[in-house]
$ cat upload06.tsv   # TSV, C-alpha atoms
chain	number	residue	atom	x	y	z
E	10	MET	CA	-12.81	-14.77	-13.17
E	11	ASN	CA	-11.60	-11.23	-12.62
E	12	HIS	CA	-7.98	-10.41	-11.82
E	13	VAL	CA	-8.36	-10.25	-8.03
E	14	GLU	CA	-10.40	-13.46	-7.90
E	15	ARG	CA	-7.83	-15.24	-10.06
E	16	PHE	CA	-4.86	-14.16	-7.96
E	17	ARG	CA	-6.54	-15.14	-4.70
E	18	ALA	CA	-7.70	-18.46	-6.11
E	19	VAL	CA	-4.17	-19.37	-7.20
E	20	MET	CA	-2.73	-18.40	-3.83
E	21	ASP	CA	-5.45	-20.50	-2.14
E	22	PHE	CA	-4.71	-23.50	-4.38
E	23	GLN	CA	-8.16	-23.31	-5.93
E	24	PRO	CA	-9.08	-24.01	-9.59
E	25	VAL	CA	-8.71	-21.10	-12.01
E	26	ASP	CA	-9.63	-20.44	-15.62
E	27	ARG	CA	-5.98	-19.58	-16.26
E	28	LEU	CA	-2.99	-18.42	-14.26
E	29	PRO	CA	-2.24	-14.70	-13.90
E	30	ARG	CA	-0.02	-13.15	-16.58
E	31	TRP	CA	2.09	-10.87	-14.44
E	32	GLU	CA	5.69	-9.67	-14.40
E	33	TRP	CA	6.31	-9.08	-10.71
E	34	ALA	CA	9.60	-7.17	-11.24
E	35	MET	CA	8.78	-5.49	-14.57
E	36	TRP	CA	11.89	-4.34	-16.46
E	37	TRP	CA	15.20	-2.52	-16.05
E	38	ASP	CA	15.45	1.02	-17.40
E	39	GLU	CA	18.11	-0.22	-19.82
E	40	THR	CA	15.77	-2.91	-21.12
E	41	ILE	CA	13.00	-0.40	-21.79
E	42	ALA	CA	15.45	1.98	-23.49
E	43	ASN	CA	16.65	-0.81	-25.78
E	44	TRP	CA	13.09	-1.81	-26.61
E	45	LYS	CA	12.18	1.77	-27.51
E	46	ARG	CA	15.02	1.74	-30.01
E	47	GLN	CA	13.47	-1.45	-31.40
E	48	GLY	CA	9.89	-0.19	-31.69
E	49	LEU	CA	8.33	0.07	-28.24
E	50	PRO	CA	6.28	3.31	-28.40
E	51	ASP	CA	8.18	6.27	-26.92
E	52	GLU	CA	5.09	7.61	-25.17
E	53	LEU	CA	4.95	4.61	-22.84
E	54	GLU	CA	6.56	5.73	-19.59
E	55	SER	CA	5.14	3.89	-16.58
E	56	VAL	CA	5.69	0.18	-16.10
E	57	PHE	CA	1.92	-0.17	-15.71
E	58	ASP	CA	1.37	1.27	-19.20
E	59	ILE	CA	4.13	-0.89	-20.67
E	60	ALA	CA	2.60	-3.98	-19.06
E	61	ASP	CA	-0.75	-3.01	-20.59
E	62	TYR	CA	0.93	-2.64	-23.99
E	63	PHE	CA	2.24	-6.20	-23.71
E	64	GLY	CA	-1.18	-7.49	-22.68
E	65	LEU	CA	-0.13	-8.45	-19.16
E	66	ASP	CA	-2.68	-8.48	-16.38
E	67	PRO	CA	-3.01	-5.14	-14.52
E	68	TYR	CA	-1.08	-5.17	-11.24
E	69	GLN	CA	-0.23	-1.87	-9.51
E	70	GLN	CA	2.54	-1.76	-6.91
E	71	PHE	CA	3.08	0.84	-4.18
E	72	TRP	CA	6.57	0.54	-2.66
E	73	PHE	CA	6.91	2.50	0.58
E	74	SER	CA	10.54	3.58	0.72
E	75	THR	CA	12.16	4.18	4.11
E	76	THR	CA	14.43	6.94	2.79
E	77	ASP	CA	12.60	8.70	-0.07
E	78	PRO	CA	9.01	10.00	-0.34
E	79	THR	CA	8.31	7.75	-3.31
E	80	ILE	CA	6.11	4.76	-3.99
E	81	GLU	CA	8.60	3.16	-6.37
E	82	ALA	CA	11.63	1.01	-5.73
E	83	VAL	CA	14.61	3.37	-5.72
E	84	GLN	CA	18.35	3.22	-5.29
E	85	HIS	CA	18.96	4.31	-1.72
E	86	HIS	CA	21.52	7.06	-1.16
E	87	VAL	CA	22.29	6.12	2.44
E	88	GLU	CA	24.22	2.89	2.00
E	89	GLY	CA	26.71	2.24	4.78
E	90	ILE	CA	26.29	5.54	6.62
E	91	VAL	CA	25.46	3.97	10.01
E	92	SER	CA	28.17	2.35	12.12
E	93	ASN	CA	26.73	2.54	15.62
E	94	LEU	CA	23.70	3.59	17.64
E	95	ASP	CA	24.85	7.20	17.90
E	96	ASP	CA	25.07	7.42	14.10
E	97	TYR	CA	21.62	5.97	13.71
E	98	LEU	CA	19.96	8.23	16.28
E	99	ARG	CA	21.63	11.29	14.74
E	100	LEU	CA	20.53	10.35	11.23
E	101	ARG	CA	17.10	8.94	12.06
E	102	PRO	CA	15.24	12.21	11.29
E	103	ASN	CA	16.28	11.70	7.65
E	104	PHE	CA	14.49	8.35	7.44
E	105	PHE	CA	10.85	7.24	7.45
E	106	PRO	CA	9.35	9.84	5.07
E	107	ASP	CA	5.71	10.89	4.96
E	108	HIS	CA	3.83	8.94	2.27
E	109	SER	CA	0.44	10.57	2.81
E	110	ALA	CA	0.20	12.01	-0.71
E	111	ALA	CA	1.18	8.71	-2.30
E	112	ILE	CA	-1.34	6.85	-0.18
E	113	GLU	CA	-4.08	9.27	-1.16
E	114	SER	CA	-3.25	8.53	-4.81
E	115	MET	CA	-4.28	4.92	-4.19
E	116	ARG	CA	-8.00	5.81	-4.09
E	117	PRO	CA	-8.69	5.36	-7.82
E	118	TRP	CA	-6.83	2.06	-7.75
E	119	ALA	CA	-8.94	0.93	-4.80
E	120	ALA	CA	-12.09	1.51	-6.84
E	121	ARG	CA	-10.68	-0.46	-9.75
E	122	GLN	CA	-9.56	-3.27	-7.45
E	123	ALA	CA	-13.05	-3.46	-5.92
E	124	GLU	CA	-14.37	-4.16	-9.43
E	125	GLY	CA	-11.71	-6.81	-10.05
E	126	GLN	CA	-10.12	-4.68	-12.77
E	127	VAL	CA	-6.68	-4.45	-11.16
E	128	VAL	CA	-4.67	-6.08	-8.38
E	129	VAL	CA	-3.15	-3.57	-5.95
E	130	TRP	CA	-0.13	-4.64	-3.92
E	131	ILE	CA	2.26	-2.93	-1.55
E	132	THR	CA	5.90	-3.43	-0.63
E	133	LEU	CA	7.26	-2.76	2.84
E	134	GLU	CA	11.00	-2.72	3.44
E	135	GLY	CA	12.07	-5.49	5.76
E	136	TYR	CA	14.23	-6.30	8.74
E	137	PHE	CA	17.35	-7.43	6.97
E	138	TRP	CA	16.92	-5.06	4.03
E	139	PHE	CA	16.72	-1.78	5.94
E	140	PRO	CA	19.56	-2.23	8.48
E	141	ARG	CA	21.78	-3.65	5.72
E	142	THR	CA	20.98	-0.58	3.61
E	143	LEU	CA	22.03	1.69	6.46
E	144	MET	CA	25.10	-0.26	7.52
E	145	GLY	CA	26.32	-2.30	4.56
E	146	PHE	CA	26.77	-6.06	4.59
E	147	THR	CA	30.00	-6.25	6.59
E	148	LYS	CA	28.83	-3.98	9.40
E	149	ILE	CA	25.44	-5.64	9.78
E	150	SER	CA	27.11	-9.06	9.89
E	151	LEU	CA	29.31	-7.91	12.78
E	152	ALA	CA	26.43	-6.10	14.48
E	153	PHE	CA	24.57	-9.37	14.97
E	154	TYR	CA	27.29	-10.13	17.53
E	155	ASP	CA	28.63	-6.75	18.61
E	156	GLN	CA	25.66	-4.34	18.48
E	157	PRO	CA	22.38	-6.21	18.94
E	158	GLU	CA	20.81	-3.15	20.57
E	159	LEU	CA	21.41	-1.14	17.37
E	160	LEU	CA	19.65	-3.70	15.20
E	161	HIS	CA	16.71	-3.97	17.57
E	162	GLN	CA	16.37	-0.18	17.67
E	163	ILE	CA	16.39	0.04	13.87
E	164	ASN	CA	13.92	-2.78	13.43
E	165	GLN	CA	11.48	-1.63	16.09
E	166	ASP	CA	11.50	1.84	14.53
E	167	LEU	CA	10.91	0.23	11.14
E	168	THR	CA	8.05	-1.84	12.56
E	169	ASP	CA	6.40	1.24	14.04
E	170	TYR	CA	6.77	2.96	10.68
E	171	ASN	CA	5.39	0.02	8.71
E	172	LEU	CA	2.42	-0.26	11.05
E	173	LYS	CA	1.73	3.44	10.59
E	174	ILE	CA	1.88	2.94	6.81
E	175	LEU	CA	-0.64	0.12	7.12
E	176	ASP	CA	-2.91	2.32	9.28
E	177	GLN	CA	-2.89	4.96	6.55
E	178	VAL	CA	-3.18	2.57	3.62
E	179	GLU	CA	-6.14	0.72	5.11
E	180	GLN	CA	-8.13	3.96	5.19
E	181	VAL	CA	-7.76	4.24	1.42
E	182	CYS	CA	-7.15	0.83	-0.15
E	183	VAL	CA	-6.65	-2.61	1.37
E	184	PRO	CA	-4.17	-4.30	-1.00
E	185	THR	CA	-4.65	-7.82	-2.27
E	186	PHE	CA	-1.16	-8.82	-1.17
E	187	ALA	CA	2.03	-7.39	0.29
E	188	THR	CA	5.67	-8.16	-0.29
E	189	ILE	CA	8.30	-7.62	2.37
E	190	ALA	CA	11.57	-6.66	0.66
E	191	GLU	CA	14.44	-8.51	2.31
E	192	ASP	CA	17.04	-9.84	-0.16
E	193	MET	CA	18.56	-11.89	2.64
E	194	SER	CA	19.60	-14.87	0.54
E	195	TYR	CA	22.10	-15.15	-2.31
E	196	ASN	CA	23.24	-17.82	-4.72
E	197	LYS	CA	24.55	-20.11	-1.95
E	198	GLY	CA	21.68	-19.64	0.49
E	199	PRO	CA	20.77	-17.31	3.38
E	200	MET	CA	22.98	-14.35	4.31
E	201	ILE	CA	21.70	-14.69	7.87
E	202	SER	CA	21.70	-17.68	10.19
E	203	GLU	CA	18.51	-19.18	11.53
E	204	LYS	CA	19.55	-18.10	15.02
E	205	HIS	CA	19.96	-14.50	13.94
E	206	PHE	CA	16.76	-14.61	11.91
E	207	ASP	CA	14.90	-15.75	15.02
E	208	GLU	CA	16.51	-13.02	17.12
E	209	PHE	CA	16.52	-10.02	14.78
E	210	VAL	CA	13.83	-10.59	12.15
E	211	ALA	CA	11.13	-12.91	13.46
E	212	PRO	CA	10.05	-10.69	16.41
E	213	TYR	CA	9.15	-7.93	13.97
E	214	TYR	CA	7.36	-10.23	11.53
E	215	ARG	CA	5.21	-11.21	14.51
E	216	GLN	CA	4.04	-7.61	14.72
E	217	ILE	CA	3.51	-7.06	10.98
E	218	VAL	CA	2.32	-10.37	9.53
E	219	PRO	CA	-0.75	-10.86	11.78
E	220	ARG	CA	-1.81	-7.33	10.92
E	221	LEU	CA	-1.70	-8.18	7.21
E	222	LEU	CA	-3.50	-11.47	7.68
E	223	GLU	CA	-6.33	-9.94	9.70
E	224	LYS	CA	-7.09	-7.74	6.67
E	225	ASN	CA	-6.83	-10.74	4.32
E	226	VAL	CA	-3.66	-9.32	2.76
E	227	ILE	CA	-1.44	-12.17	1.56
E	228	PRO	CA	2.14	-11.75	2.90
E	229	LEU	CA	5.02	-12.72	0.60
E	230	VAL	CA	8.76	-12.23	1.06
E	231	ASP	CA	10.99	-10.92	-1.73
E	232	THR	CA	14.45	-12.40	-1.38
E	233	ASP	CA	16.85	-13.14	-4.23
E	234	GLY	CA	19.13	-16.11	-4.69
E	235	ASP	CA	18.43	-19.47	-3.05
E	236	VAL	CA	15.68	-19.15	-0.46
E	237	THR	CA	15.31	-22.92	0.07
E	238	LYS	CA	16.79	-23.17	3.59
E	239	MET	CA	14.92	-20.06	4.67
E	240	VAL	CA	11.44	-21.19	3.63
E	241	PRO	CA	10.56	-23.00	6.89
E	242	TRP	CA	11.76	-20.02	8.93
E	243	LEU	CA	9.46	-17.72	6.99
E	244	MET	CA	6.47	-20.03	7.04
E	245	ARG	CA	6.51	-20.46	10.78
E	246	GLU	CA	6.18	-16.67	11.07
E	247	GLY	CA	3.05	-16.67	8.90
E	248	ILE	CA	4.62	-15.76	5.56
E	249	ARG	CA	2.56	-17.38	2.80
E	250	GLY	CA	5.09	-17.38	0.00
E	251	VAL	CA	8.31	-16.27	-1.64
E	252	LEU	CA	9.63	-14.79	-4.86
E	253	PRO	CA	11.51	-14.73	-7.28
E	254	LEU	CA	12.96	-18.29	-6.95
E	255	GLU	CA	16.04	-17.61	-9.06
E	256	ARG	CA	16.90	-20.61	-11.20
E	257	GLN	CA	20.56	-19.58	-11.58
E	258	ALA	CA	20.90	-19.94	-7.80
E	259	GLY	CA	19.78	-23.56	-8.02
E	260	VAL	CA	16.27	-23.16	-6.61
E	261	ASP	CA	14.03	-26.13	-7.43
E	262	GLY	CA	10.38	-25.14	-7.25
E	263	MET	CA	9.05	-28.69	-7.47
E	264	ALA	CA	11.32	-29.79	-4.62
E	265	LEU	CA	9.91	-26.93	-2.56
E	266	ARG	CA	6.37	-27.96	-3.50
E	267	ARG	CA	7.01	-31.54	-2.40
E	268	GLU	CA	8.36	-30.37	0.97
E	269	PHE	CA	5.99	-27.45	1.52
E	270	ALA	CA	2.61	-28.29	0.03
E	271	ASP	CA	1.03	-24.92	0.88
E	272	LEU	CA	3.93	-22.61	-0.02
E	273	CYS	CA	2.99	-19.87	-2.50
E	274	MET	CA	5.61	-19.05	-5.13
E	275	VAL	CA	6.07	-16.44	-7.85
E	276	GLY	CA	8.78	-16.28	-10.53
E	277	HIS	CA	11.18	-19.16	-11.29
E	278	TYR	CA	11.23	-18.70	-15.09
E	279	ASN	CA	14.93	-18.77	-15.96
E	280	LYS	CA	15.71	-15.40	-17.57
E	281	MET	CA	18.93	-16.81	-19.01
E	282	VAL	CA	17.05	-18.80	-21.69
E	283	MET	CA	15.15	-15.83	-23.11
E	284	ASP	CA	17.59	-15.20	-25.98
E	285	ARG	CA	18.03	-18.86	-26.95
E	286	GLY	CA	15.09	-19.29	-29.30
E	287	LYS	CA	11.61	-20.72	-29.19
E	288	ALA	CA	12.60	-24.29	-28.36
E	289	ALA	CA	14.55	-23.19	-25.27
E	290	LEU	CA	11.76	-20.90	-24.09
E	291	ARG	CA	9.20	-23.68	-24.54
E	292	GLU	CA	11.44	-26.16	-22.72
E	293	GLU	CA	11.57	-23.81	-19.73
E	294	PHE	CA	7.78	-23.52	-19.67
E	295	GLU	CA	7.52	-27.31	-19.89
E	296	ARG	CA	9.82	-27.55	-16.87
E	297	LEU	CA	7.48	-25.27	-14.94
E	298	LEU	CA	4.18	-26.72	-16.11
E	299	PRO	CA	3.85	-29.35	-13.34
E	300	LEU	CA	4.50	-26.63	-10.76
E	301	MET	CA	2.00	-24.35	-12.49
E	302	ARG	CA	-0.61	-27.10	-12.25
E	303	SER	CA	0.14	-27.78	-8.58
E	304	GLY	CA	-1.49	-24.52	-7.47
E	305	GLY	CA	-0.01	-21.71	-5.44
E	306	PHE	CA	2.43	-20.72	-8.19
E	307	ILE	CA	2.53	-17.89	-10.74
E	308	PRO	CA	5.25	-18.08	-13.40
E	309	SER	CA	7.22	-14.91	-14.05
E	310	VAL	CA	10.75	-14.04	-15.12
E	311	ASP	CA	12.86	-14.95	-12.10
E	312	HIS	CA	14.17	-11.43	-11.94
E	313	GLN	CA	13.95	-8.49	-14.30
E	314	THR	CA	14.26	-9.20	-18.02
E	315	PRO	CA	17.91	-8.44	-18.93
E	316	PRO	CA	18.69	-5.51	-21.26
E	317	HIS	CA	20.13	-7.75	-23.98
E	318	ILE	CA	16.76	-9.47	-24.54
E	319	SER	CA	15.27	-8.00	-27.70
E	320	LEU	CA	11.72	-6.78	-28.08
E	321	ASP	CA	10.95	-9.66	-30.44
E	322	GLN	CA	12.41	-12.18	-28.00
E	323	TYR	CA	10.25	-10.79	-25.23
E	324	ARG	CA	7.16	-10.90	-27.45
E	325	LEU	CA	7.88	-14.59	-28.04
E	326	PHE	CA	8.07	-15.13	-24.28
E	327	ARG	CA	4.73	-13.35	-23.93
E	328	ARG	CA	3.03	-15.56	-26.50
E	329	LEU	CA	4.27	-18.67	-24.75
E	330	LEU	CA	3.25	-17.25	-21.36
E	331	ASP	CA	-0.32	-16.95	-22.67
E	332	GLU	CA	-0.22	-20.51	-23.96
E	333	TYR	CA	1.08	-22.10	-20.77
E	334	THR	CA	-0.92	-20.05	-18.27
E	335	ALA	CA	-4.02	-21.15	-20.20
E	336	ALA	CA	-2.88	-24.79	-20.25
E	337	ALA	CA	-2.22	-24.75	-16.50
E	338	GLY	CA	-5.76	-23.63	-15.79
E	339	LYS	CA	-7.43	-26.48	-17.63
$ encode --input "upload06.tsv" --output "structure tokens"
Amino acid sequence: MNHVERFRAVMDFQPVDRLPRWEWAMWWDETIANWKRQGLPDELESVFDIADYFGLDPYQQFWFSTTDPTIEAVQHHVEGIVSNLDDYLRLRPNFFPDHSAAIESMRPWAARQAEGQVVVWITLEGYFWFPRTLMGFTKISLAFYDQPELLHQINQDLTDYNLKILDQVEQVCVPTFATIAEDMSYNKGPMISEKHFDEFVAPYYRQIVPRLLEKNVIPLVDTDGDVTKMVPWLMREGIRGVLPLERQAGVDGMALRREFADLCMVGHYNKMVMDRGKAALREEFERLLPLMRSGGFIPSVDHQTPPHISLDQYRLFRRLLDEYTAAAGK
């Protein structure tokens, strides 16, 4: 199987030769810096090249920022600057940058994806993520009650922007899957109630998700912490799956599988065991193996590999990842 076939087969709960070997969140800058002091070649700069060095499968992400003309996840510099509709309308010209050049750069990746040599995926910023970025957590929490018109204005503008991005992207490269960046759960569960999700998020998913599905682009939601209570909300809006299923937040992937037989999942490998030796790393893979064999799941570090994990410790993780992704495909 090639890389695209393998990813789609897993997400469709079909048999595979092995599971994908993919780090969805790659690595922190501090982690890479530490590894270079420990022997990672200095000339490796992009996360794609570093993934290739480690023998991971080739996945290329294009993240379409709402505030910077970049295709990478960046630290926004607009946090908390919006308090009301007047603020937003005044500042709106600074948002929604032109990504035409970045989209044009997708053409070579489209050719490689067509040959099954690489999986191309995109990230769109979502309907909790973007207004929270602009307002901060306290102000968005109050705005659900006090300024609903502000949130609807922001999210309809974001929807129009995301649809325009999709129009442009589809002329160059139809991605294999898309993630919607939300981060609307934390270690105790959702940061938003179901009522407010239905009012302020779901109407905009209903404009974006069908558009992805009609192009056979698999929609996943990126939300940290414990997503368990939110899963049925997402699935009824057409979302196929979630990541990263953080173990430290108490997420139980097998419990989710039992309740939601067709939920796709990525992540769930507890990053906190990565410095505890081979037995601990193997025990974590053994915990995940039944889920890996259930279909619809790709194991990956449940968030970025922490900076204190040594290069040798990560190489051990990689060897075990090869072993268990092969075992799960048998």
$ closest_residue --input "upload06.tsv" --among "E:Val236, E:Leu94, E:Ala123, E:Leu300" --to "Val19 of chain E" --atoms "all atoms listed in the file"
E:Leu300
$ residues_around --input "upload06.tsv" --residues "Pro78 of chain E" --least-positions-apart "3" --cutoff "7 Å" --atoms "only C-alpha atoms" --output "list of chain:residue names"
E:Ser74, E:Pro106, E:Asp107, E:His108
$ residues_around --input "upload06.tsv" --residues "Leu229 of chain E" --least-positions-apart "4" --cutoff "10 Å" --atoms "all atoms listed in the file" --output "ChimeraX atom specification"
/E:132,186-190,218,243-244,247-252,272-275
$ atom_distance --input "upload06.tsv" --atom1 "atom CA of Ser150 of chain E" --atom2 "atom CA of Arg220 of chain E"
29.0 Å
$ residues_around --input "upload06.tsv" --residues "Asp96 of chain E" --least-positions-apart "6" --cutoff "12 Å" --atoms "all atoms listed in the file" --output "PDB file with C-alpha atoms, keeping the file's coordinate frame"
ATOM      1  CA  GLY E  89      26.710   2.240   4.780  1.00  0.00           C
ATOM      2  CA  ILE E  90      26.290   5.540   6.620  1.00  0.00           C
ATOM      3  CA  PRO E 102      15.240  12.210  11.290  1.00  0.00           C
ATOM      4  CA  ASN E 103      16.280  11.700   7.650  1.00  0.00           C
ATOM      5  CA  LEU E 143      22.030   1.690   6.460  1.00  0.00           C
ATOM      6  CA  MET E 144      25.100  -0.260   7.520  1.00  0.00           C
ATOM      7  CA  LEU E 159      21.410  -1.140  17.370  1.00  0.00           C
ATOM      8  CA  ILE E 163      16.390   0.040  13.870  1.00  0.00           C
TER       9      ILE E 163
END
$ atom_distance --input "upload06.tsv" --atom1 "atom CA of Phe146 of chain E" --atom2 "atom CA of Trp242 of chain E"
21.0 Å
$ closest_residue --input "upload06.tsv" --among "E:Pro184, E:Gly286, E:Pro308, E:Gly48" --to "Lys224 of chain E" --atoms "all atoms listed in the file"
E:Pro184
$ residues_near_point --input "upload06.tsv" --point "(-2.1, -26.9, -19.8)" --cutoff "12 Å" --atoms "only C-alpha atoms" --output "list of chain:residue names"
E:Val25, E:Asp26, E:Arg27, E:Leu28, E:Phe294, E:Glu295, E:Leu297, E:Leu298, E:Pro299, E:Leu300, E:Met301, E:Arg302, E:Ser303, E:Leu329, E:Leu330, E:Asp331, E:Glu332, E:Tyr333, E:Thr334, E:Ala335, E:Ala336, E:Ala337, E:Gly338, E:Lys339
